[in-house]
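Notes for the one structure printed next.
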Amino acid sequence: MTKDSSIGDVAVSKQNNNKGVEINNDSTDQQSAQAFDIFKKALTYNVIAKYDPAIDQLIHLSPYCVIYQFDGIDWNKLDYQGPIAFYSRKVSEIKEGAKFSVQDVMKHDIYQYGLILLNRAKPENFTIGLLGRKYLVESDLDKVIAVEKKEELVILNDFKGDTFGIWLFDEKDREYLYKFLTYCTEN
């Protein structure tokens, strides 16, 4: 049996001289990582389904997030931290050309997308429902959910008028979430 390895990206291959079989540990590790990722997403989907049975598809998952709230003067760190997920929802009321008032959206839970932070700090999770502006009646367009990015926060104004800052550990996750939230709320 021989071992070959290189520095940097570790590639190890073992060869059994008796049978001429080569095992590539790099691809085995990659398959294990993919299997773990699928398991993690399936488990997260099932956990979210307990809180929001209308979940349709898990769109994005980030391992660590902290939520802040703006009180008009300062940002206050809330007691919400942990993994955050963005997902689409199955909502039968949403059809092409449908229009809803903000009041109806909140009363009947008519959101296209959901954002949930599975809180590690306490049993209560942080959630926000999202709906694209094309589904709002003309008179409620001033109450539309707004998304912006400032420094290290993705800032989100909800239908109630509250302003939240979402801090994600990973800069790529932060940028992805910002772009996706912007797309979903503007369309």
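The chains in the structure tokens are called A, B, ... from first to last as shown; in each chain the residues are counted from 1, and the ligands are counted from 1 in the order shown.
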
Do a neighbour search on Leu156 of chain A at 8 Å with only C-alpha atoms, toss out local chain neighbours closer than 3 positions, and write the hits as a PyMOL selection string.
chain A and resi 145-148+163-166

How would the residues just picked look written out with all heavy atoms as an mmCIF file, in the first residue's frame?
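The new file result.cif reads:
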data_model
loop_
_atom_site.group_PDB
_atom_site.id
_atom_site.type_symbol
_atom_site.label_atom_id
_atom_site.label_comp_id
_atom_site.auth_asym_id
_atom_site.auth_seq_id
_atom_site.Cartn_x
_atom_site.Cartn_y
_atom_site.Cartn_z
ATOM 1 N N ILE A 145 -42.101 46.442 2.817
ATOM 2 C CA ILE A 145 -40.890 46.023 3.522
ATOM 3 C C ILE A 145 -39.682 46.571 2.768
ATOM 4 O O ILE A 145 -39.578 46.391 1.555
ATOM 5 C CB ILE A 145 -40.826 44.487 3.638
ATOM 6 C CG1 ILE A 145 -41.938 44.010 4.578
ATOM 7 C CG2 ILE A 145 -39.459 44.030 4.115
ATOM 8 C CD1 ILE A 145 -42.023 42.517 4.725
ATOM 9 N N ALA A 146 -38.807 47.260 3.469
ATOM 10 C CA ALA A 146 -37.630 47.860 2.853
ATOM 11 C C ALA A 146 -36.379 47.126 3.317
ATOM 12 O O ALA A 146 -36.283 46.712 4.468
ATOM 13 C CB ALA A 146 -37.548 49.330 3.224
ATOM 14 N N VAL A 147 -35.440 46.979 2.392
ATOM 15 C CA VAL A 147 -34.180 46.295 2.684
ATOM 16 C C VAL A 147 -33.045 47.206 2.245
ATOM 17 O O VAL A 147 -33.078 47.792 1.172
ATOM 18 C CB VAL A 147 -34.084 44.960 1.908
ATOM 19 C CG1 VAL A 147 -32.771 44.260 2.204
ATOM 20 C CG2 VAL A 147 -35.256 44.057 2.213
ATOM 21 N N GLU A 148 -32.040 47.333 3.098
ATOM 22 C CA GLU A 148 -30.827 48.059 2.732
ATOM 23 C C GLU A 148 -29.638 47.437 3.456
ATOM 24 O O GLU A 148 -29.813 46.647 4.378
ATOM 25 C CB GLU A 148 -30.945 49.555 3.037
ATOM 26 C CG GLU A 148 -31.126 49.902 4.498
ATOM 27 C CD GLU A 148 -31.276 51.395 4.723
ATOM 28 O OE1 GLU A 148 -30.251 52.096 4.691
ATOM 29 O OE2 GLU A 148 -32.416 51.831 4.926
ATOM 30 N N THR A 163 -37.669 48.414 12.683
ATOM 31 C CA THR A 163 -36.431 48.341 11.912
ATOM 32 C C THR A 163 -35.466 47.393 12.603
ATOM 33 O O THR A 163 -35.123 47.583 13.768
ATOM 34 C CB THR A 163 -35.791 49.736 11.769
ATOM 35 O OG1 THR A 163 -36.732 50.614 11.153
ATOM 36 C CG2 THR A 163 -34.528 49.674 10.920
ATOM 37 N N PHE A 164 -35.044 46.372 11.865
ATOM 38 C CA PHE A 164 -34.130 45.366 12.404
ATOM 39 C C PHE A 164 -32.840 45.350 11.606
ATOM 40 O O PHE A 164 -32.841 45.535 10.388
ATOM 41 C CB PHE A 164 -34.772 43.972 12.355
ATOM 42 C CG PHE A 164 -36.006 43.857 13.190
ATOM 43 C CD1 PHE A 164 -37.265 43.933 12.612
ATOM 44 C CD2 PHE A 164 -35.915 43.696 14.562
ATOM 45 C CE1 PHE A 164 -38.410 43.842 13.379
ATOM 46 C CE2 PHE A 164 -37.056 43.606 15.346
ATOM 47 C CZ PHE A 164 -38.303 43.678 14.749
ATOM 48 N N GLY A 165 -31.749 45.098 12.289
ATOM 49 C CA GLY A 165 -30.457 44.902 11.662
ATOM 50 C C GLY A 165 -30.076 43.442 11.800
ATOM 51 O O GLY A 165 -30.126 42.877 12.892
ATOM 52 N N ILE A 166 -29.727 42.826 10.692
ATOM 53 C CA ILE A 166 -29.348 41.414 10.685
ATOM 54 C C ILE A 166 -27.850 41.346 10.437
ATOM 55 O O ILE A 166 -27.375 41.779 9.379
ATOM 56 C CB ILE A 166 -30.123 40.644 9.592
ATOM 57 C CG1 ILE A 166 -31.626 40.793 9.823
ATOM 58 C CG2 ILE A 166 -29.699 39.184 9.552
ATOM 59 C CD1 ILE A 166 -32.473 40.289 8.674
#

Quick one: residues within 12 Å of Asp142 of chain A, only C-alpha atoms, excluding same-chain residues fewer than 3 positions away - as a ChimeraX atom specification?
/A:101-102,133,136-139,145-146,157-161

Output C-alpha atoms for every residue in the selection just made, as a compact mmCIF listing (two decimals), in the first residue's frame.
# COMPACT_ATOMS: atom_id res chain seq x y z
CA SER A 101 -53.69 45.24 2.12
CA VAL A 102 -50.94 45.08 4.75
CA ARG A 133 -44.53 44.88 -3.44
CA LEU A 136 -49.75 45.10 -2.17
CA VAL A 137 -52.67 47.42 -2.84
CA GLU A 138 -51.67 50.87 -4.09
CA SER A 139 -52.64 52.58 -0.83
CA ILE A 145 -40.89 46.02 3.52
CA ALA A 146 -37.63 47.86 2.85
CA ASN A 157 -38.16 47.36 7.95
CA ASP A 158 -41.17 45.12 8.52
CA PHE A 159 -44.87 45.80 7.88
CA LYS A 160 -45.32 46.99 11.48
CA GLY A 161 -42.72 49.71 10.95

Can you check which parts of segment 105-148 of chain A lie within 10 Å of segment 47-60 of chain A? Per residue, the shortest pair of atoms and distance in Å to one decimal, counting only C-alpha atoms, sorted by chain and number, as JSON lines.
{"residue": "A:Asp109", "atom": "CA", "partner": "A:Ala54", "partner_atom": "CA", "distance": 9.7}
{"residue": "A:Tyr111", "atom": "CA", "partner": "A:Ala54", "partner_atom": "CA", "distance": 9.6}
{"residue": "A:Gln112", "atom": "CA", "partner": "A:Ile55", "partner_atom": "CA", "distance": 9.6}
{"residue": "A:Tyr113", "atom": "CA", "partner": "A:Ile55", "partner_atom": "CA", "distance": 8.4}
{"residue": "A:Gly114", "atom": "CA", "partner": "A:Ile55", "partner_atom": "CA", "distance": 8.0}
{"residue": "A:Leu115", "atom": "CA", "partner": "A:His60", "partner_atom": "CA", "distance": 9.6}
{"residue": "A:Ile116", "atom": "CA", "partner": "A:Ile48", "partner_atom": "CA", "distance": 7.9}
{"residue": "A:Leu117", "atom": "CA", "partner": "A:Ile48", "partner_atom": "CA", "distance": 9.6}
{"residue": "A:Leu118", "atom": "CA", "partner": "A:Ile48", "partner_atom": "CA", "distance": 8.3}
{"residue": "A:Asn125", "atom": "CA", "partner": "A:Tyr51", "partner_atom": "CA", "distance": 9.0}
{"residue": "A:Thr127", "atom": "CA", "partner": "A:Tyr51", "partner_atom": "CA", "distance": 9.6}

Could you turn the residues from that selection into a file that holds C-alpha atoms, as a PDB file, in the first residue's frame?
ATOM      1  CA  ASP A 109     -50.357  35.227   7.204  1.00  0.00           C
ATOM      2  CA  TYR A 111     -46.342  35.907   2.995  1.00  0.00           C
ATOM      3  CA  GLN A 112     -44.369  34.552   0.027  1.00  0.00           C
ATOM      4  CA  TYR A 113     -41.162  34.159   2.013  1.00  0.00           C
ATOM      5  CA  GLY A 114     -40.119  33.691   5.596  1.00  0.00           C
ATOM      6  CA  LEU A 115     -36.996  34.591   7.516  1.00  0.00           C
ATOM      7  CA  ILE A 116     -36.427  32.720  10.782  1.00  0.00           C
ATOM      8  CA  LEU A 117     -33.588  32.791  13.265  1.00  0.00           C
ATOM      9  CA  LEU A 118     -33.557  29.563  15.280  1.00  0.00           C
ATOM     10  CA  ASN A 125     -37.341  32.481  17.590  1.00  0.00           C
ATOM     11  CA  THR A 127     -39.345  35.582  12.382  1.00  0.00           C
TER      12      THR A 127
END

Enter the distance from atom CA of Ile84 of chain A to atom CA of Glu151 of chain A, in Å, rounded to one decimal.
19.2 Å

List the neighbours of Gly72 of chain A out to 10 Å using only C-alpha atoms; skip same-chain residues closer than 3 positions along the sequence, and give me the result as a VMD selection string.
chain A and resid 69 75 162 to 163

All strand (DSSP E) positions in segment 16-143 of chain A, as a ChimeraX atom specification:
/A:16,21-24,55-70,75-89,113-117,126-130

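Between atom CA of Asp29 of chain A and atom CA of Leu43 of chain A the separation is 20.8 Å.
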
Which of these, A:Pro63, A:Asp140, A:Arg174, A:Ile38, has the shortest distance to Gln103 of chain A once you count only C-alpha atoms?
A:Asp140
